[in-house]
Amino acid sequence: MARPGLIRNPFSHRNHGGRAVPADAARLFGPHVASPDTPEKLIAALAGFVAGGVDVLVVDGGDGTVREVLTALPHAYGDNPPKIAILAGGKTNLIAADVGTTGYGARGMAGLVRAAHEETLGRRTTRRPVLSLHWPDGEHTDVRGMFMGAGAFTRGTDLANAAIHKAGFTQEIAVALTMAGVLGRALIGNDQHGWLAGEDFGAAVDGDAVGDGNRFLFLATTLNRLIMGLWPFWNHGDRPLRYLDVAANPPGLLGSLPRLMTGRPSAAMRDGDAYRSGGAERIELRLTRPLIMDGETYPAGRVILSAHDSISFVQP
């Protein structure tokens with residue numbers, strides 16, 4: 001029988017400012033419930049879960065909460081991580097949309113409790129590689145998550161956080177709307193933000209340089225699908241890292257956007273140098289501006305992306 005523990009973010013978007021754990025869930029988890037507010041407290045809580053034999057870790061929160069848990073797991077569980085069940089409680093639930101969730105709020109928790117009592121919790125799983133970021137020059141400690149972006153993605157996220165979220169949109173929709181608006185202005189000759197000129201950075205995929213100089217957009221993920229039918233990756237095969245690299249001032253961007261965002265490049269896109277996509281085991285970036293990992297901003301510098309381990313996610 002699975003022994004579950006709960007890490008929850010009581011102030012995530014769907015948790016309504018700190019709702020209490022339902023009584024039946026509290027009985028199920030017993031002492032293995034924590035709402036840590038620092039990485040150090042999270043690691044300490046997970047160490048307690050290890051001592052208590054917790055083998056299914058329920059994460060109640062959004063992508064940011066999942067990212068923090070993935071980052072902390074090796075410090076407590078070493079090379080034997082628990083299965084993870086996600087209660088999608090955040091403003092962004094990109095990870096849950098791919099790997100599965102028991103649901104949202106009280107209904108999701110009730111489904112999880114029911115599965116535990118029926119002894120089916122953790123029987124169905126899906127496995128995903130974990131996207132690890134390492135700053136070899138020490139700009140930041142290692143981070144683990146599932147989706148990162150740089151260039152226009154960072155700028156779009158910053159604008160979304162500053163403006164569109166106030167209208168109540170979730171982050172993924174807010175970023176999409178922001179980027180669509182700026183791209184629309186750029187494509188009709190009013191690129192006030194100068195996004196199309198890109199940012200100075202370089203990339204090497206499995207040791208092979210794929211371009212230095214200004215780049216417009218870079219994305220990488222270990223997920224198998226995104227939201228709203230978007231999948232801006234192709235030619236990645238079964239390699240764990242999927243990436244998209246778009247040069248500054250990419251030619252034919254307006255006509256290429258539908259193909260770009262759904263992973264169906266034209267022959268010209270495949271054969272040229274402006275739109276590159278594929279799979280990798282290791283990617284090294286040289287960034288002059290910050291990047292975004294699962295909704296959080298991290299510093300520029302030399303950053304190594306890898307996917308050398310994986311996690312089993314519990315299916316509903």
# chains A, B, ... in the order shown; residues from 1 in each chain; ligands from 1
call {"tool": "residues_around", "arguments": {"residues": "Thr288 of chain A", "least_positions_apart": "4", "cutoff": "9 Å", "atoms": "only C-alpha atoms", "output": "mmCIF file with N, CA and C atoms, in the first residue's frame"}}
result
data_model
loop_
_atom_site.group_PDB
_atom_site.id
_atom_site.type_symbol
_atom_site.label_atom_id
_atom_site.label_comp_id
_atom_site.auth_asym_id
_atom_site.auth_seq_id
_atom_site.Cartn_x
_atom_site.Cartn_y
_atom_site.Cartn_z
ATOM 1 N N GLU A 199 18.390 38.976 -28.544
ATOM 2 C CA GLU A 199 19.374 39.167 -27.486
ATOM 3 C C GLU A 199 20.638 38.406 -27.847
ATOM 4 N N ASP A 200 21.764 38.884 -27.347
ATOM 5 C CA ASP A 200 23.050 38.255 -27.635
ATOM 6 C C ASP A 200 23.208 37.009 -26.777
ATOM 7 N N PHE A 201 23.142 35.857 -27.398
ATOM 8 C CA PHE A 201 23.497 34.627 -26.682
ATOM 9 C C PHE A 201 23.845 33.522 -27.656
ATOM 10 N N PRO A 299 19.123 33.869 -13.199
ATOM 11 C CA PRO A 299 20.122 34.764 -13.788
ATOM 12 C C PRO A 299 20.728 34.255 -15.086
ATOM 13 N N ALA A 300 21.268 35.214 -15.839
ATOM 14 C CA ALA A 300 21.988 34.917 -17.069
ATOM 15 C C ALA A 300 23.353 34.322 -16.737
ATOM 16 N N GLY A 301 24.133 34.079 -17.791
ATOM 17 C CA GLY A 301 25.456 33.490 -17.633
ATOM 18 C C GLY A 301 25.560 32.216 -18.446
ATOM 19 N N ARG A 302 26.554 31.406 -18.134
ATOM 20 C CA ARG A 302 26.652 30.071 -18.741
ATOM 21 C C ARG A 302 25.690 29.148 -18.005
#
call {"tool": "select_by_dssp", "arguments": {"residues": "segment 119-307 of chain A", "states": "strand (DSSP E or B)", "output": "PyMOL selection string"}}
result
chain A and resi 125-129+131-134+143-145+147-151+199-200+202-205+208-211+214-221+241-247+275-280+282-287+291-293+296-298+301-306
call {"tool": "select_by_dssp", "arguments": {"residues": "segment 9-132 of chain A", "states": "alpha helix (DSSP H)", "output": "number ranges by chain"}}
result
A: 23-29, 39-51, 63-77, 94-99, 105-117
call {"tool": "closest_residue", "arguments": {"among": "A:Val21, A:Val143, A:Val66, A:Leu217", "to": "Gly90 of chain A", "atoms": "only C-alpha atoms"}}
result
A:Val66
call {"tool": "residues_around", "arguments": {"residues": "segment 74-83 of chain A", "least_positions_apart": "4", "cutoff": "7 Å", "atoms": "only C-alpha atoms", "output": "list in words"}}
result
Ile43, Leu46, Ala47, Val50, Asp55, Val56, Leu57, Ile311, Ser312, Phe313 and Val314 of chain A
call {"tool": "write_last_selection", "arguments": {"atoms": "all heavy atoms", "output": "PDB file, in the first residue's frame"}}
result
ATOM      1  N   ILE A  43      13.404  21.008   2.207  1.00  0.00           N
ATOM      2  CA  ILE A  43      14.324  19.874   2.302  1.00  0.00           C
ATOM      3  C   ILE A  43      14.155  19.168   3.639  1.00  0.00           C
ATOM      4  O   ILE A  43      14.142  17.926   3.714  1.00  0.00           O
ATOM      5  CB  ILE A  43      15.779  20.347   2.107  1.00  0.00           C
ATOM      6  CG1 ILE A  43      15.990  20.811   0.658  1.00  0.00           C
ATOM      7  CG2 ILE A  43      16.765  19.231   2.441  1.00  0.00           C
ATOM      8  CD1 ILE A  43      17.321  21.504   0.415  1.00  0.00           C
ATOM      9  N   LEU A  46      10.985  17.096   3.560  1.00  0.00           N
ATOM     10  CA  LEU A  46      11.163  15.890   2.754  1.00  0.00           C
ATOM     11  C   LEU A  46      12.022  14.861   3.478  1.00  0.00           C
ATOM     12  O   LEU A  46      11.778  13.650   3.364  1.00  0.00           O
ATOM     13  CB  LEU A  46      11.787  16.247   1.405  1.00  0.00           C
ATOM     14  CG  LEU A  46      10.905  17.054   0.454  1.00  0.00           C
ATOM     15  CD1 LEU A  46      11.684  17.450  -0.792  1.00  0.00           C
ATOM     16  CD2 LEU A  46       9.654  16.278   0.073  1.00  0.00           C
ATOM     17  N   ALA A  47      13.017  15.315   4.228  1.00  0.00           N
ATOM     18  CA  ALA A  47      13.829  14.380   5.002  1.00  0.00           C
ATOM     19  C   ALA A  47      12.963  13.652   6.035  1.00  0.00           C
ATOM     20  O   ALA A  47      13.143  12.449   6.275  1.00  0.00           O
ATOM     21  CB  ALA A  47      14.971  15.130   5.686  1.00  0.00           C
ATOM     22  N   VAL A  50      11.092  10.976   4.229  1.00  0.00           N
ATOM     23  CA  VAL A  50      11.938   9.800   3.984  1.00  0.00           C
ATOM     24  C   VAL A  50      11.954   8.908   5.222  1.00  0.00           C
ATOM     25  O   VAL A  50      11.787   7.686   5.131  1.00  0.00           O
ATOM     26  CB  VAL A  50      13.369  10.231   3.609  1.00  0.00           C
ATOM     27  CG1 VAL A  50      14.288   9.014   3.548  1.00  0.00           C
ATOM     28  CG2 VAL A  50      13.389  10.957   2.273  1.00  0.00           C
ATOM     29  N   ASP A  55       6.355   7.202   0.038  1.00  0.00           N
ATOM     30  CA  ASP A  55       6.786   6.802  -1.301  1.00  0.00           C
ATOM     31  C   ASP A  55       5.921   7.403  -2.409  1.00  0.00           C
ATOM     32  O   ASP A  55       6.203   7.210  -3.594  1.00  0.00           O
ATOM     33  CB  ASP A  55       6.821   5.280  -1.442  1.00  0.00           C
ATOM     34  CG  ASP A  55       5.495   4.612  -1.093  1.00  0.00           C
ATOM     35  OD1 ASP A  55       4.513   5.333  -0.792  1.00  0.00           O
ATOM     36  OD2 ASP A  55       5.432   3.367  -1.116  1.00  0.00           O
ATOM     37  N   VAL A  56       4.855   8.111  -2.044  1.00  0.00           N
ATOM     38  CA  VAL A  56       4.068   8.883  -3.009  1.00  0.00           C
ATOM     39  C   VAL A  56       3.964  10.302  -2.459  1.00  0.00           C
ATOM     40  O   VAL A  56       3.379  10.520  -1.390  1.00  0.00           O
ATOM     41  CB  VAL A  56       2.658   8.301  -3.227  1.00  0.00           C
ATOM     42  CG1 VAL A  56       1.835   9.229  -4.121  1.00  0.00           C
ATOM     43  CG2 VAL A  56       2.743   6.916  -3.850  1.00  0.00           C
ATOM     44  N   LEU A  57       4.547  11.240  -3.169  1.00  0.00           N
ATOM     45  CA  LEU A  57       4.562  12.626  -2.716  1.00  0.00           C
ATOM     46  C   LEU A  57       3.497  13.409  -3.467  1.00  0.00           C
ATOM     47  O   LEU A  57       3.559  13.553  -4.688  1.00  0.00           O
ATOM     48  CB  LEU A  57       5.946  13.234  -2.972  1.00  0.00           C
ATOM     49  CG  LEU A  57       6.168  14.657  -2.476  1.00  0.00           C
ATOM     50  CD1 LEU A  57       5.966  14.753  -0.976  1.00  0.00           C
ATOM     51  CD2 LEU A  57       7.562  15.136  -2.860  1.00  0.00           C
ATOM     52  N   ILE A 311      11.413  11.155 -13.285  1.00  0.00           N
ATOM     53  CA  ILE A 311      10.469  11.023 -12.179  1.00  0.00           C
ATOM     54  C   ILE A 311       9.224  10.304 -12.667  1.00  0.00           C
ATOM     55  O   ILE A 311       8.764  10.542 -13.790  1.00  0.00           O
ATOM     56  CB  ILE A 311      10.080  12.408 -11.625  1.00  0.00           C
ATOM     57  CG1 ILE A 311      11.260  13.067 -10.909  1.00  0.00           C
ATOM     58  CG2 ILE A 311       8.880  12.325 -10.697  1.00  0.00           C
ATOM     59  CD1 ILE A 311      11.591  12.477  -9.558  1.00  0.00           C
ATOM     60  N   SER A 312       8.652   9.451 -11.820  1.00  0.00           N
ATOM     61  CA  SER A 312       7.376   8.805 -12.127  1.00  0.00           C
ATOM     62  C   SER A 312       6.248   9.645 -11.540  1.00  0.00           C
ATOM     63  O   SER A 312       6.232   9.925 -10.331  1.00  0.00           O
ATOM     64  CB  SER A 312       7.319   7.392 -11.548  1.00  0.00           C
ATOM     65  OG  SER A 312       8.202   6.535 -12.251  1.00  0.00           O
ATOM     66  N   PHE A 313       5.320  10.054 -12.394  1.00  0.00           N
ATOM     67  CA  PHE A 313       4.170  10.844 -11.967  1.00  0.00           C
ATOM     68  C   PHE A 313       2.935   9.949 -11.910  1.00  0.00           C
ATOM     69  O   PHE A 313       2.689   9.166 -12.827  1.00  0.00           O
ATOM     70  CB  PHE A 313       3.913  11.997 -12.928  1.00  0.00           C
ATOM     71  CG  PHE A 313       4.964  13.086 -12.871  1.00  0.00           C
ATOM     72  CD1 PHE A 313       6.071  13.035 -13.705  1.00  0.00           C
ATOM     73  CD2 PHE A 313       4.858  14.139 -11.977  1.00  0.00           C
ATOM     74  CE1 PHE A 313       7.050  14.032 -13.662  1.00  0.00           C
ATOM     75  CE2 PHE A 313       5.822  15.136 -11.916  1.00  0.00           C
ATOM     76  CZ  PHE A 313       6.919  15.072 -12.755  1.00  0.00           C
ATOM     77  N   VAL A 314       2.190  10.095 -10.854  1.00  0.00           N
ATOM     78  CA  VAL A 314       0.989   9.272 -10.644  1.00  0.00           C
ATOM     79  C   VAL A 314      -0.122   9.739 -11.577  1.00  0.00           C
ATOM     80  O   VAL A 314      -0.429  10.923 -11.670  1.00  0.00           O
ATOM     81  CB  VAL A 314       0.526   9.360  -9.181  1.00  0.00           C
ATOM     82  CG1 VAL A 314      -0.806   8.651  -8.987  1.00  0.00           C
ATOM     83  CG2 VAL A 314       1.593   8.773  -8.266  1.00  0.00           C
TER      84      VAL A 314
END
call {"tool": "closest_residue", "arguments": {"among": "A:Ala209, A:Ala85, A:Ala20, A:Met1", "to": "Glu119 of chain A", "atoms": "only C-alpha atoms"}}
result
A:Met1
call {"tool": "closest_residue", "arguments": {"among": "A:Pro240, A:Gly64, A:Pro129, A:Gly151", "to": "Glu296 of chain A", "atoms": "only C-alpha atoms"}}
result
A:Gly64
call {"tool": "residues_around", "arguments": {"residues": "Asp24 of chain A", "least_positions_apart": "5", "cutoff": "12 Å", "atoms": "only C-alpha atoms", "output": "count of residues only"}}
result
11
call {"tool": "closest_residue", "arguments": {"among": "A:Pro250, A:Gly272, A:Gly213, A:Gly156", "to": "Leu291 of chain A", "atoms": "only C-alpha atoms"}}
result
A:Gly156
call {"tool": "residues_around", "arguments": {"residues": "Arg264 of chain A", "least_positions_apart": "5", "cutoff": "10 Å", "atoms": "only C-alpha atoms", "output": "count of residues only"}}
result
11
call {"tool": "atom_distance", "arguments": {"atom1": "atom CA of Val58 of chain A", "atom2": "atom CA of Ile95 of chain A"}}
result
13.9 Å
call {"tool": "residues_around", "arguments": {"residues": "Ala96 of chain A", "least_positions_apart": "6", "cutoff": "12 Å", "atoms": "only C-alpha atoms", "output": "ChimeraX atom specification"}}
result
/A:59-67,84-90,102-104,126,128,146,223-227,294,313-316
call {"tool": "residues_around", "arguments": {"residues": "Ala203 of chain A", "least_positions_apart": "6", "cutoff": "9 Å", "atoms": "only C-alpha atoms", "output": "list in words"}}
result
Ala209, Val210, Gly211, Asp212, Asp245, Ile283, Glu284, Leu285, Arg286 and Leu287 of chain A
call {"tool": "decode", "arguments": {"residues": "segment 121-150 of chain A", "atoms": "N, CA, C and O atoms", "output": "PDB file, in the first residue's frame"}}
result
ATOM      1  N   LEU A 121      -3.675   4.001  -5.563  1.00  0.00           N
ATOM      2  CA  LEU A 121      -2.832   5.182  -5.685  1.00  0.00           C
ATOM      3  C   LEU A 121      -1.401   4.778  -6.037  1.00  0.00           C
ATOM      4  O   LEU A 121      -0.757   4.014  -5.320  1.00  0.00           O
ATOM      5  N   GLY A 122      -0.927   5.284  -7.160  1.00  0.00           N
ATOM      6  CA  GLY A 122       0.435   4.992  -7.587  1.00  0.00           C
ATOM      7  C   GLY A 122       0.591   3.790  -8.480  1.00  0.00           C
ATOM      8  O   GLY A 122       1.703   3.489  -8.927  1.00  0.00           O
ATOM      9  N   ARG A 123      -0.517   3.084  -8.766  1.00  0.00           N
ATOM     10  CA  ARG A 123      -0.397   1.913  -9.650  1.00  0.00           C
ATOM     11  C   ARG A 123      -0.168   2.318 -11.098  1.00  0.00           C
ATOM     12  O   ARG A 123       0.575   1.668 -11.827  1.00  0.00           O
ATOM     13  N   ARG A 124      -0.828   3.418 -11.521  1.00  0.00           N
ATOM     14  CA  ARG A 124      -0.642   3.923 -12.881  1.00  0.00           C
ATOM     15  C   ARG A 124       0.270   5.139 -12.820  1.00  0.00           C
ATOM     16  O   ARG A 124       0.005   6.097 -12.099  1.00  0.00           O
ATOM     17  N   THR A 125       1.344   5.081 -13.583  1.00  0.00           N
ATOM     18  CA  THR A 125       2.279   6.198 -13.599  1.00  0.00           C
ATOM     19  C   THR A 125       2.734   6.483 -15.022  1.00  0.00           C
ATOM     20  O   THR A 125       2.574   5.648 -15.928  1.00  0.00           O
ATOM     21  N   THR A 126       3.272   7.669 -15.214  1.00  0.00           N
ATOM     22  CA  THR A 126       3.960   8.016 -16.450  1.00  0.00           C
ATOM     23  C   THR A 126       5.292   8.617 -16.055  1.00  0.00           C
ATOM     24  O   THR A 126       5.387   9.322 -15.037  1.00  0.00           O
ATOM     25  N   ARG A 127       6.308   8.354 -16.819  1.00  0.00           N
ATOM     26  CA  ARG A 127       7.663   8.779 -16.446  1.00  0.00           C
ATOM     27  C   ARG A 127       8.129   9.900 -17.373  1.00  0.00           C
ATOM     28  O   ARG A 127       7.916   9.840 -18.584  1.00  0.00           O
ATOM     29  N   ARG A 128       8.729  10.919 -16.793  1.00  0.00           N
ATOM     30  CA  ARG A 128       9.255  12.041 -17.556  1.00  0.00           C
ATOM     31  C   ARG A 128      10.666  12.369 -17.100  1.00  0.00           C
ATOM     32  O   ARG A 128      10.969  12.348 -15.900  1.00  0.00           O
ATOM     33  N   PRO A 129      11.553  12.714 -18.046  1.00  0.00           N
ATOM     34  CA  PRO A 129      12.867  13.232 -17.656  1.00  0.00           C
ATOM     35  C   PRO A 129      12.697  14.577 -16.959  1.00  0.00           C
ATOM     36  O   PRO A 129      11.751  15.317 -17.218  1.00  0.00           O
ATOM     37  N   VAL A 130      13.611  14.881 -16.062  1.00  0.00           N
ATOM     38  CA  VAL A 130      13.605  16.162 -15.350  1.00  0.00           C
ATOM     39  C   VAL A 130      14.615  17.087 -16.018  1.00  0.00           C
ATOM     40  O   VAL A 130      15.749  16.692 -16.292  1.00  0.00           O
ATOM     41  N   LEU A 131      14.186  18.308 -16.293  1.00  0.00           N
ATOM     42  CA  LEU A 131      15.067  19.314 -16.890  1.00  0.00           C
ATOM     43  C   LEU A 131      15.890  19.959 -15.777  1.00  0.00           C
ATOM     44  O   LEU A 131      15.344  20.599 -14.867  1.00  0.00           O
ATOM     45  N   SER A 132      17.213  19.771 -15.833  1.00  0.00           N
ATOM     46  CA  SER A 132      18.111  20.320 -14.818  1.00  0.00           C
ATOM     47  C   SER A 132      18.905  21.481 -15.401  1.00  0.00           C
ATOM     48  O   SER A 132      19.423  21.389 -16.521  1.00  0.00           O
ATOM     49  N   LEU A 133      18.984  22.567 -14.643  1.00  0.00           N
ATOM     50  CA  LEU A 133      19.787  23.726 -15.022  1.00  0.00           C
ATOM     51  C   LEU A 133      20.965  23.842 -14.068  1.00  0.00           C
ATOM     52  O   LEU A 133      20.793  23.819 -12.844  1.00  0.00           O
ATOM     53  N   HIS A 134      22.160  23.996 -14.636  1.00  0.00           N
ATOM     54  CA  HIS A 134      23.381  24.120 -13.845  1.00  0.00           C
ATOM     55  C   HIS A 134      24.167  25.322 -14.331  1.00  0.00           C
ATOM     56  O   HIS A 134      24.412  25.469 -15.539  1.00  0.00           O
ATOM     57  N   TRP A 135      24.540  26.202 -13.389  1.00  0.00           N
ATOM     58  CA  TRP A 135      25.361  27.378 -13.692  1.00  0.00           C
ATOM     59  C   TRP A 135      26.798  27.059 -13.278  1.00  0.00           C
ATOM     60  O   TRP A 135      27.148  27.177 -12.097  1.00  0.00           O
ATOM     61  N   PRO A 136      27.667  26.631 -14.212  1.00  0.00           N
ATOM     62  CA  PRO A 136      29.018  26.198 -13.822  1.00  0.00           C
ATOM     63  C   PRO A 136      29.864  27.318 -13.242  1.00  0.00           C
ATOM     64  O   PRO A 136      30.842  27.042 -12.535  1.00  0.00           O
ATOM     65  N   ASP A 137      29.534  28.573 -13.522  1.00  0.00           N
ATOM     66  CA  ASP A 137      30.306  29.689 -12.981  1.00  0.00           C
ATOM     67  C   ASP A 137      29.738  30.203 -11.666  1.00  0.00           C
ATOM     68  O   ASP A 137      30.198  31.231 -11.143  1.00  0.00           O
ATOM     69  N   GLY A 138      28.717  29.539 -11.127  1.00  0.00           N
ATOM     70  CA  GLY A 138      28.231  29.836  -9.792  1.00  0.00           C
ATOM     71  C   GLY A 138      27.228  30.958  -9.678  1.00  0.00           C
ATOM     72  O   GLY A 138      26.981  31.463  -8.576  1.00  0.00           O
ATOM     73  N   GLU A 139      26.572  31.360 -10.792  1.00  0.00           N
ATOM     74  CA  GLU A 139      25.579  32.433 -10.701  1.00  0.00           C
ATOM     75  C   GLU A 139      24.354  32.025  -9.891  1.00  0.00           C
ATOM     76  O   GLU A 139      23.648  32.861  -9.344  1.00  0.00           O
ATOM     77  N   HIS A 140      24.087  30.720  -9.816  1.00  0.00           N
ATOM     78  CA  HIS A 140      22.908  30.246  -9.081  1.00  0.00           C
ATOM     79  C   HIS A 140      23.107  28.778  -8.760  1.00  0.00           C
ATOM     80  O   HIS A 140      23.873  28.075  -9.434  1.00  0.00           O
ATOM     81  N   THR A 141      22.432  28.306  -7.720  1.00  0.00           N
ATOM     82  CA  THR A 141      22.444  26.881  -7.434  1.00  0.00           C
ATOM     83  C   THR A 141      21.579  26.151  -8.462  1.00  0.00           C
ATOM     84  O   THR A 141      20.740  26.744  -9.131  1.00  0.00           O
ATOM     85  N   ASP A 142      21.781  24.858  -8.595  1.00  0.00           N
ATOM     86  CA  ASP A 142      21.063  24.072  -9.594  1.00  0.00           C
ATOM     87  C   ASP A 142      19.556  24.133  -9.358  1.00  0.00           C
ATOM     88  O   ASP A 142      19.089  24.203  -8.220  1.00  0.00           O
ATOM     89  N   VAL A 143      18.825  24.097 -10.466  1.00  0.00           N
ATOM     90  CA  VAL A 143      17.360  24.118 -10.446  1.00  0.00           C
ATOM     91  C   VAL A 143      16.852  22.973 -11.306  1.00  0.00           C
ATOM     92  O   VAL A 143      17.434  22.666 -12.356  1.00  0.00           O
ATOM     93  N   ARG A 144      15.754  22.347 -10.894  1.00  0.00           N
ATOM     94  CA  ARG A 144      15.154  21.255 -11.669  1.00  0.00           C
ATOM     95  C   ARG A 144      13.689  21.567 -11.928  1.00  0.00           C
ATOM     96  O   ARG A 144      12.962  21.983 -11.034  1.00  0.00           O
ATOM     97  N   GLY A 145      13.276  21.372 -13.176  1.00  0.00           N
ATOM     98  CA  GLY A 145      11.899  21.633 -13.545  1.00  0.00           C
ATOM     99  C   GLY A 145      11.551  20.910 -14.824  1.00  0.00           C
ATOM    100  O   GLY A 145      12.081  19.823 -15.099  1.00  0.00           O
ATOM    101  N   MET A 146      10.677  21.529 -15.651  1.00  0.00           N
ATOM    102  CA  MET A 146      10.203  20.841 -16.853  1.00  0.00           C
ATOM    103  C   MET A 146      10.170  21.731 -18.097  1.00  0.00           C
ATOM    104  O   MET A 146      10.106  21.215 -19.203  1.00  0.00           O
ATOM    105  N   PHE A 147      10.173  23.070 -17.920  1.00  0.00           N
ATOM    106  CA  PHE A 147      10.044  23.941 -19.086  1.00  0.00           C
ATOM    107  C   PHE A 147      10.801  25.238 -18.842  1.00  0.00           C
ATOM    108  O   PHE A 147      10.634  25.872 -17.792  1.00  0.00           O
ATOM    109  N   MET A 148      11.658  25.635 -19.801  1.00  0.00           N
ATOM    110  CA  MET A 148      12.377  26.901 -19.669  1.00  0.00           C
ATOM    111  C   MET A 148      12.311  27.671 -20.978  1.00  0.00           C
ATOM    112  O   MET A 148      12.062  27.106 -22.052  1.00  0.00           O
ATOM    113  N   GLY A 149      12.501  28.978 -20.855  1.00  0.00           N
ATOM    114  CA  GLY A 149      12.513  29.825 -22.045  1.00  0.00           C
ATOM    115  C   GLY A 149      13.410  31.029 -21.817  1.00  0.00           C
ATOM    116  O   GLY A 149      13.652  31.451 -20.682  1.00  0.00           O
ATOM    117  N   ALA A 150      13.928  31.569 -22.915  1.00  0.00           N
ATOM    118  CA  ALA A 150      14.770  32.755 -22.859  1.00  0.00           C
ATOM    119  C   ALA A 150      14.444  33.629 -24.065  1.00  0.00           C
ATOM    120  O   ALA A 150      13.686  33.243 -24.952  1.00  0.00           O
TER     121      ALA A 150
END
